[in-house]
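Chemist: Dropping in data03.cif, with mmCIF, C-alpha atoms.
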```
data_model
#
loop_
_atom_site.group_PDB
_atom_site.id
_atom_site.type_symbol
_atom_site.label_atom_id
_atom_site.label_comp_id
_atom_site.auth_asym_id
_atom_site.auth_seq_id
_atom_site.Cartn_x
_atom_site.Cartn_y
_atom_site.Cartn_z
ATOM 1 C CA MET I 682 0.000 0.000 0.000
ATOM 2 C CA ALA I 683 2.804 2.382 0.941
ATOM 3 C CA ASP I 684 4.588 1.583 -2.334
ATOM 4 C CA ALA I 685 1.458 2.415 -4.316
ATOM 5 C CA ILE I 686 1.064 5.763 -2.523
ATOM 6 C CA GLN I 687 4.726 6.592 -3.118
ATOM 7 C CA ALA I 688 4.448 5.663 -6.792
ATOM 8 C CA SER I 689 1.343 7.846 -7.154
ATOM 9 C CA TYR I 690 3.117 10.757 -5.457
ATOM 10 C CA LEU I 691 6.154 10.449 -7.741
ATOM 11 C CA ALA I 692 3.955 10.234 -10.828
ATOM 12 C CA LYS I 693 2.067 13.390 -9.851
ATOM 13 C CA ARG I 694 5.308 15.199 -9.053
ATOM 14 C CA LYS I 695 6.828 14.216 -12.407
ATOM 15 C CA ALA I 696 3.722 15.397 -14.269
ATOM 16 C CA LEU I 697 3.714 18.687 -12.371
ATOM 17 C CA GLU I 698 7.409 19.279 -13.084
ATOM 18 C CA ALA I 699 6.821 18.594 -16.770
ATOM 19 C CA TRP I 700 4.024 21.172 -16.779
ATOM 20 C CA ALA I 701 6.017 23.769 -14.827
ATOM 21 C CA GLY I 702 9.262 23.234 -16.710
ATOM 22 C CA SER I 703 11.265 23.219 -13.467
ATOM 23 C CA SER I 704 11.727 21.439 -10.181
ATOM 24 C CA VAL I 705 8.804 22.064 -7.813
ATOM 25 C CA SER I 706 7.501 20.996 -4.442
ATOM 26 C CA LEU I 707 3.916 19.792 -4.162
ATOM 27 C CA GLY I 708 1.879 22.236 -2.143
ATOM 28 C CA ALA I 709 3.954 25.207 -3.325
ATOM 29 C CA LEU I 710 3.851 27.435 -6.373
ATOM 30 C CA PRO I 711 6.382 26.570 -9.097
ATOM 31 C CA GLU I 712 9.479 28.735 -9.081
ATOM 32 C CA THR I 713 9.801 31.001 -12.085
ATOM 33 C CA THR I 714 12.734 32.967 -13.349
ATOM 34 C CA ARG I 715 12.000 36.685 -13.393
ATOM 35 C CA GLN I 716 14.303 38.819 -15.499
ATOM 36 C CA ALA I 717 14.898 42.353 -14.237
ATOM 37 C CA LEU I 718 16.553 45.396 -15.715
ATOM 38 C CA GLN I 719 19.001 46.158 -12.931
ATOM 39 C CA VAL I 720 19.528 49.813 -12.039
ATOM 40 C CA ALA I 721 22.157 51.483 -9.887
ATOM 41 C CA PRO I 722 21.777 52.430 -6.209
ATOM 42 C CA PRO I 723 20.064 54.086 -4.504
ATOM 43 C CA LEU I 724 17.109 53.393 -6.828
ATOM 44 C CA SER I 725 17.870 49.674 -6.903
ATOM 45 C CA LEU I 726 17.508 49.476 -3.114
ATOM 46 C CA VAL I 727 13.803 50.330 -3.207
ATOM 47 C CA LEU I 728 12.754 48.180 -6.180
ATOM 48 C CA PRO I 729 11.931 44.454 -6.250
ATOM 49 C CA GLU I 730 14.971 42.487 -7.430
ATOM 50 C CA GLY I 731 16.867 45.765 -7.756
ATOM 51 C CA GLY I 732 15.225 46.943 -10.944
ATOM 52 C CA PHE I 733 12.307 46.875 -13.347
ATOM 53 C CA PRO I 734 10.732 43.792 -14.973
ATOM 54 C CA GLN I 735 11.849 43.029 -18.505
ATOM 55 C CA GLY I 736 9.334 42.012 -21.135
ATOM 56 C CA SER I 737 6.825 44.273 -19.400
ATOM 57 C CA VAL I 738 5.237 47.699 -19.185
ATOM 58 C CA VAL I 739 6.055 49.898 -16.184
ATOM 59 C CA GLU I 740 4.105 53.044 -15.278
ATOM 60 C CA LEU I 741 6.106 55.852 -13.671
ATOM 61 C CA THR I 742 3.812 58.478 -12.212
ATOM 62 C CA SER I 743 4.715 61.748 -10.517
ATOM 63 C CA PRO I 744 3.252 65.218 -9.983
ATOM 64 C CA ALA I 745 3.332 67.429 -13.059
ATOM 65 C CA ASN I 746 6.424 69.416 -13.971
ATOM 66 C CA LEU I 747 8.754 67.643 -11.532
ATOM 67 C CA GLY I 748 10.512 65.445 -14.071
ATOM 68 C CA HIS I 749 10.938 62.485 -11.702
ATOM 69 C CA GLY I 750 9.517 59.946 -14.144
ATOM 70 C CA LEU I 751 11.843 61.266 -16.821
ATOM 71 C CA GLY I 752 14.858 60.987 -14.517
ATOM 72 C CA VAL I 753 14.068 57.410 -13.490
ATOM 73 C CA ALA I 754 13.393 56.346 -17.093
ATOM 74 C CA LEU I 755 16.671 57.857 -18.278
ATOM 75 C CA ALA I 756 18.490 56.084 -15.439
ATOM 76 C CA ALA I 757 16.988 52.823 -16.700
ATOM 77 C CA CYS I 758 18.133 53.611 -20.262
ATOM 78 C CA SER I 759 21.652 54.268 -19.039
ATOM 79 C CA ALA I 760 21.656 51.062 -16.987
ATOM 80 C CA SER I 761 20.535 48.958 -19.957
ATOM 81 C CA GLN I 762 23.237 50.433 -22.189
ATOM 82 C CA GLN I 763 25.935 49.822 -19.605
ATOM 83 C CA ALA I 764 24.737 46.264 -19.000
ATOM 84 C CA SER I 765 24.917 45.393 -22.707
ATOM 85 C CA VAL I 766 28.525 46.597 -22.831
ATOM 86 C CA ARG I 767 29.434 44.565 -19.722
ATOM 87 C CA ARG I 768 28.040 41.472 -21.436
ATOM 88 C CA GLY I 769 30.484 42.071 -24.281
ATOM 89 C CA GLY I 770 27.948 43.328 -26.795
ATOM 90 C CA GLU I 771 27.238 46.635 -28.450
ATOM 91 C CA ARG I 772 25.621 49.431 -26.481
ATOM 92 C CA ALA I 773 21.867 48.845 -26.371
ATOM 93 C CA TRP I 774 19.387 51.068 -28.184
ATOM 94 C CA CYS I 775 16.742 53.064 -26.319
ATOM 95 C CA ALA I 776 13.757 54.954 -27.705
ATOM 96 C CA PHE I 777 11.967 58.013 -26.312
ATOM 97 C CA LEU I 778 8.556 59.055 -27.645
ATOM 98 C CA ASP I 779 8.212 62.752 -26.898
ATOM 99 C CA PRO I 780 5.082 64.233 -28.508
ATOM 100 C CA ASP I 781 5.169 67.414 -26.404
ATOM 101 C CA HIS I 782 8.891 68.169 -26.945
ATOM 102 C CA THR I 783 9.678 67.970 -23.225
ATOM 103 C CA LEU I 784 12.960 66.062 -23.498
ATOM 104 C CA PHE I 785 15.852 68.356 -22.613
ATOM 105 C CA GLY I 786 19.420 67.721 -23.793
ATOM 106 C CA PRO I 787 21.186 68.337 -20.445
ATOM 107 C CA ALA I 788 18.906 65.792 -18.773
ATOM 108 C CA ILE I 789 20.058 63.132 -21.218
ATOM 109 C CA GLN I 790 23.715 64.027 -20.761
ATOM 110 C CA ALA I 791 23.439 64.075 -16.963
ATOM 111 C CA SER I 792 21.852 60.604 -16.955
ATOM 112 C CA GLY I 793 24.727 58.976 -18.822
ATOM 113 C CA VAL I 794 22.612 57.850 -21.773
ATOM 114 C CA SER I 795 24.560 57.476 -25.021
ATOM 115 C CA LEU I 796 23.046 59.890 -27.525
ATOM 116 C CA GLU I 797 24.357 57.753 -30.386
ATOM 117 C CA ARG I 798 22.067 54.931 -29.201
ATOM 118 C CA LEU I 799 18.977 56.964 -28.352
ATOM 119 C CA LEU I 800 16.168 57.368 -30.870
ATOM 120 C CA VAL I 801 13.899 60.335 -30.107
ATOM 121 C CA LEU I 802 10.547 60.362 -31.880
ATOM 122 C CA ARG I 803 8.061 63.212 -31.718
ATOM 123 C CA PRO I 804 4.798 61.931 -33.218
ATOM 124 C CA ALA I 805 1.623 63.963 -33.192
ATOM 125 C CA ARG I 806 -0.313 63.231 -30.032
ATOM 126 C CA HIS I 807 -3.136 61.462 -31.876
ATOM 127 C CA LEU I 808 -0.525 59.095 -33.375
ATOM 128 C CA LEU I 809 1.358 58.449 -30.129
ATOM 129 C CA ALA I 810 -0.330 55.145 -29.297
ATOM 130 C CA LYS I 811 0.101 53.738 -32.800
ATOM 131 C CA VAL I 812 3.768 54.738 -32.979
ATOM 132 C CA ALA I 813 4.447 53.332 -29.495
ATOM 133 C CA VAL I 814 3.088 49.913 -30.451
ATOM 134 C CA ARG I 815 5.063 49.863 -33.722
ATOM 135 C CA VAL I 816 8.276 50.742 -31.883
ATOM 136 C CA ALA I 817 7.623 47.988 -29.338
ATOM 137 C CA LEU I 818 6.926 45.429 -32.090
ATOM 138 C CA SER I 819 10.285 46.217 -33.729
ATOM 139 C CA HIS I 820 12.092 44.386 -30.894
ATOM 140 C CA ILE I 821 15.102 46.656 -31.444
ATOM 141 C CA PHE I 822 15.126 48.605 -28.200
ATOM 142 C CA SER I 823 16.040 47.535 -24.674
ATOM 143 C CA VAL I 824 14.126 50.448 -23.145
ATOM 144 C CA ILE I 825 11.206 52.388 -24.631
ATOM 145 C CA VAL I 826 9.950 55.514 -22.881
ATOM 146 C CA VAL I 827 6.530 56.913 -23.802
ATOM 147 C CA ASP I 828 5.715 60.354 -22.440
ATOM 148 C CA VAL I 829 1.952 60.159 -22.150
ATOM 149 C CA ALA I 830 2.062 62.997 -19.575
ATOM 150 C CA ALA I 831 -1.510 64.026 -18.808
ATOM 151 C CA VAL I 832 -3.116 61.575 -21.236
ATOM 152 C CA PRO I 833 -4.371 58.764 -18.958
ATOM 153 C CA GLY I 834 -7.482 59.670 -17.048
ATOM 154 C CA VAL I 835 -7.900 63.225 -18.255
ATOM 155 C CA SER I 836 -11.561 63.943 -18.891
ATOM 156 C CA LEU I 837 -11.776 65.942 -22.077
ATOM 157 C CA PRO I 838 -15.225 66.033 -23.699
ATOM 158 C CA SER I 839 -13.992 67.144 -27.103
ATOM 159 C CA LYS I 840 -14.042 64.462 -29.780
ATOM 160 C CA ALA I 841 -10.613 65.663 -30.846
ATOM 161 C CA HIS I 842 -9.241 64.312 -27.567
ATOM 162 C CA ARG I 843 -11.040 60.980 -27.625
ATOM 163 C CA ALA I 844 -7.721 59.232 -28.355
ATOM 164 C CA GLU I 845 -6.447 60.505 -25.026
ATOM 165 C CA SER I 846 -8.949 58.735 -22.779
ATOM 166 C CA MET I 847 -8.011 56.244 -20.058
ATOM 167 C CA GLU I 848 -9.975 53.534 -21.855
ATOM 168 C CA VAL I 849 -7.867 53.914 -24.988
ATOM 169 C CA TRP I 850 -4.588 53.883 -23.075
ATOM 170 C CA SER I 851 -5.645 50.815 -21.125
ATOM 171 C CA LYS I 852 -5.971 49.011 -24.439
ATOM 172 C CA VAL I 853 -2.660 50.450 -25.649
ATOM 173 C CA THR I 854 -0.935 49.225 -22.492
ATOM 174 C CA ARG I 855 -2.206 45.701 -23.136
ATOM 175 C CA ARG I 856 -0.956 45.846 -26.733
ATOM 176 C CA LEU I 857 2.431 47.069 -25.566
ATOM 177 C CA SER I 858 2.585 44.266 -22.999
ATOM 178 C CA LEU I 859 1.910 41.657 -25.672
ATOM 179 C CA ALA I 860 4.444 43.271 -28.008
ATOM 180 C CA VAL I 861 7.340 42.989 -25.536
ATOM 181 C CA GLU I 862 6.314 39.792 -23.763
ATOM 182 C CA LYS I 863 9.204 37.298 -23.521
ATOM 183 C CA THR I 864 11.689 39.908 -24.753
ATOM 184 C CA PRO I 865 14.356 41.843 -22.808
ATOM 185 C CA THR I 866 12.526 45.128 -23.464
ATOM 186 C CA THR I 867 11.035 47.316 -20.750
ATOM 187 C CA VAL I 868 8.449 49.930 -21.724
ATOM 188 C CA PHE I 869 8.023 52.939 -19.427
ATOM 189 C CA LEU I 870 4.858 55.049 -19.502
ATOM 190 C CA LEU I 871 5.334 58.492 -17.923
ATOM 191 C CA THR I 872 2.067 59.716 -16.396
ATOM 192 C CA ARG I 873 0.832 62.471 -14.093
ATOM 193 C CA ALA I 874 -0.191 61.700 -10.530
ATOM 194 C CA GLU I 875 -2.990 64.289 -10.725
ATOM 195 C CA ALA I 876 -4.750 62.497 -13.568
ATOM 196 C CA HIS I 877 -8.210 61.155 -12.770
ATOM 197 C CA ARG I 878 -8.067 57.354 -12.769
ATOM 198 C CA PRO I 879 -11.364 55.470 -12.913
ATOM 199 C CA ALA I 880 -9.238 52.376 -13.541
ATOM 200 C CA ALA I 881 -5.539 51.643 -13.235
ATOM 201 C CA LEU I 882 -3.493 51.036 -16.335
ATOM 202 C CA PRO I 883 -2.859 47.273 -16.770
ATOM 203 C CA ALA I 884 0.911 47.638 -16.393
ATOM 204 C CA ALA I 885 3.088 44.997 -14.740
ATOM 205 C CA MET I 886 4.410 47.580 -12.288
ATOM 206 C CA ARG I 887 3.352 51.038 -11.151
ATOM 207 C CA VAL I 888 5.899 53.210 -9.359
ATOM 208 C CA GLU I 889 4.807 56.444 -7.709
ATOM 209 C CA LEU I 890 7.422 59.197 -7.360
ATOM 210 C CA GLU I 891 7.196 62.308 -5.210
ATOM 211 C CA SER I 892 9.637 64.912 -3.958
ATOM 212 C CA ALA I 893 10.773 64.589 -0.370
ATOM 213 C CA TRP I 894 13.400 67.347 -0.315
ATOM 214 C CA PRO I 895 15.307 69.102 -3.097
ATOM 215 C CA ASP I 896 17.850 66.281 -3.082
ATOM 216 C CA SER I 897 15.682 63.286 -2.189
ATOM 217 C CA LEU I 898 12.724 61.349 -3.528
ATOM 218 C CA PHE I 899 9.924 59.150 -2.194
ATOM 219 C CA VAL I 900 9.554 55.951 -4.231
ATOM 220 C CA ARG I 901 6.529 53.702 -3.777
ATOM 221 C CA VAL I 902 5.879 50.466 -5.652
ATOM 222 C CA ALA I 903 2.087 50.765 -5.769
ATOM 223 C CA LYS I 904 1.519 47.796 -8.064
ATOM 224 C CA ASP I 905 3.482 44.707 -9.018
ATOM 225 C CA ARG I 906 2.254 41.662 -10.913
ATOM 226 C CA PHE I 907 3.945 39.383 -8.349
ATOM 227 C CA GLY I 908 2.419 41.220 -5.403
ATOM 228 C CA ARG I 909 5.623 42.891 -4.220
ATOM 229 C CA VAL I 910 3.966 46.164 -3.233
ATOM 230 C CA MET I 911 6.001 48.510 -1.041
ATOM 231 C CA GLY I 912 5.271 51.652 0.946
ATOM 232 C CA PRO I 913 7.010 54.965 0.221
ATOM 233 C CA ARG I 914 10.748 54.826 0.763
ATOM 234 C CA GLN I 915 13.042 57.832 0.662
ATOM 235 C CA ILE I 916 16.241 57.866 -1.389
ATOM 236 C CA ALA I 917 18.806 60.474 -2.335
ATOM 237 C CA TRP I 918 17.916 61.783 -5.778
ATOM 238 C CA THR I 919 18.778 64.809 -7.846
ATOM 239 C CA ARG I 920 16.157 66.001 -10.284
ATOM 240 C CA PRO I 921 17.563 66.138 -13.825
ATOM 241 C CA PRO I 922 17.329 69.321 -15.883
ATOM 242 C CA HIS I 923 13.838 69.207 -17.393
ATOM 243 C CA GLN I 924 12.928 72.146 -19.536
ATOM 244 C CA ALA I 925 11.644 72.213 -23.058
ATOM 245 C CA ALA I 926 12.915 74.773 -25.465
ATOM 246 C CA PRO I 927 10.251 77.257 -26.573
ATOM 247 C CA GLN I 928 8.371 76.113 -29.649
ATOM 248 C CA THR I 929 8.019 78.530 -32.528
ATOM 249 C CA GLY I 930 5.770 78.514 -35.541
#
```
Could I get this structure in the form of structure tokens?
Modeler:
Amino acid sequence: MADAIQASYLAKRKALEAWAGSSVSLGALPETTRQALQVAPPLSLVLPEGGFPQGSVVELTSPANLGHGLGVALAACSASQQASVRRGGERAWCAFLDPDHTLFGPAIQASGVSLERLLVLRPARHLLAKVAVRVALSHIFSVIVVDVAAVPGVSLPSKAHRAESMEVWSKVTRRLSLAVEKTPTTVFLLTRAEAHRPAALPAAMRVELESAWPDSLFVRVAKDRFGRVMGPRQIAWTRPPHQAAPQTG
């Protein structure tokens, strides 16, 4: 009888391991390998696994005009480029979609991002979602930053702004997630904390950023697909230069 029970247990374990693709213990969830885009301290100290999930969409939200999301996204770009060089390859490509012309040269230089490997696109706002998905489907870039600014959750009754509704960007986020799934790409969506949110964007991670002092930052992991939510934690952080040149014409 004991032999039959043991044989049944081993058969179930073998079947479960074949399904999970790894060694597991019955009664526990199968272990999975989670790839992360590692960033430098002090930011790494307040993020799960020291970075951001690869093959995923991450929302970075902060109060308007503070530039924290931009600074964190550029830090991630720099980290990905440095990591590719350490692995013995060429410096990785990053893409920044900047429909409102908010990206400022000194901010890029201060972050350590290689300008030779940064593609800056400035599509019209009504084309932003379409261009973002096409860039993600190219599978060329290690980091893609989409400056959606005040787009998600802003209630604008005009039909001209229908493309900027939360409902539309929820769908875009899902398309972006599918586009980069099982790839080493991380997509960052820069949003405003003040935006009205009837529903959260379906991103794998949501990180809330807020000024603590002129030289420090509160970082809160408000959402994580593996449940690793964290309260606000303060780190030393210098806001990058963030000023758009005046537009003419």
Chemist: Convert the output of the PyMOL selection byres ((chain I and resi 867-877) around 7) on the shown file into explicit residues, formatted as a PyMOL selection string.
Modeler: chain I and resi 734-745+750+754+823-831+833-835+865-866+878-879
Chemist: Taking the file as shown, find all residues satisfying the PyMOL selection byres ((chain I and resi 907-911) around 10) and write them as a short mmCIF file (atom, residue, chain, number, x, y, z; two decimals) with C-alpha atoms, in the coordinates of the input.
Modeler:
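What follows is the written file selection_26.cif:
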```cif
data_model
loop_
_atom_site.label_atom_id
_atom_site.label_comp_id
_atom_site.auth_asym_id
_atom_site.auth_seq_id
_atom_site.Cartn_x
_atom_site.Cartn_y
_atom_site.Cartn_z
CA ARG I 715 12.00 36.68 -13.39
CA VAL I 727 13.80 50.33 -3.21
CA LEU I 728 12.75 48.18 -6.18
CA PRO I 729 11.93 44.45 -6.25
CA GLU I 730 14.97 42.49 -7.43
CA ALA I 885 3.09 45.00 -14.74
CA MET I 886 4.41 47.58 -12.29
CA ARG I 887 3.35 51.04 -11.15
CA VAL I 888 5.90 53.21 -9.36
CA VAL I 900 9.55 55.95 -4.23
CA ARG I 901 6.53 53.70 -3.78
CA VAL I 902 5.88 50.47 -5.65
CA ALA I 903 2.09 50.76 -5.77
CA LYS I 904 1.52 47.80 -8.06
CA ASP I 905 3.48 44.71 -9.02
CA ARG I 906 2.25 41.66 -10.91
CA GLY I 912 5.27 51.65 0.95
CA PRO I 913 7.01 54.96 0.22
CA ARG I 914 10.75 54.83 0.76
#
```
Chemist: Selection in question (the file shown): the PyMOL selection byres ((chain I and resi 752) around 12). Which residues does it include, as number ranges by chain?
Modeler: I: 724, 741-743, 746-751, 753-759, 784-785, 787-794, 826, 869, 871, 890, 898, 918-923
Chemist: Go through I:Gly770, I:Pro722, I:Pro895, I:Pro780 and flag the residue nearest Ala810 in chain I, using only C-alpha atoms for the distances.
Modeler: I:Pro780
Chemist: Kindly give the distance, in Å, that separates CA of Gln762 in chain I and CA of Phe822 in chain I, rounded to a single decimal.
Modeler: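 That distance, rounded to one decimal, is 10.3 Å.
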Chemist: Tell me, in Å to one decimal, how far CA of Arg815 in chain I is from CA of Ala760 in chain I.
Modeler: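 According to the coordinates, CA of Arg815 in chain I and CA of Ala760 in chain I are separated by 23.6 Å.
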Chemist: Please indicate the distance in Å from CA of Gly732 in chain I to CA of Ala813 in chain I, rounded to one decimal place.
Modeler: 22.4 Å
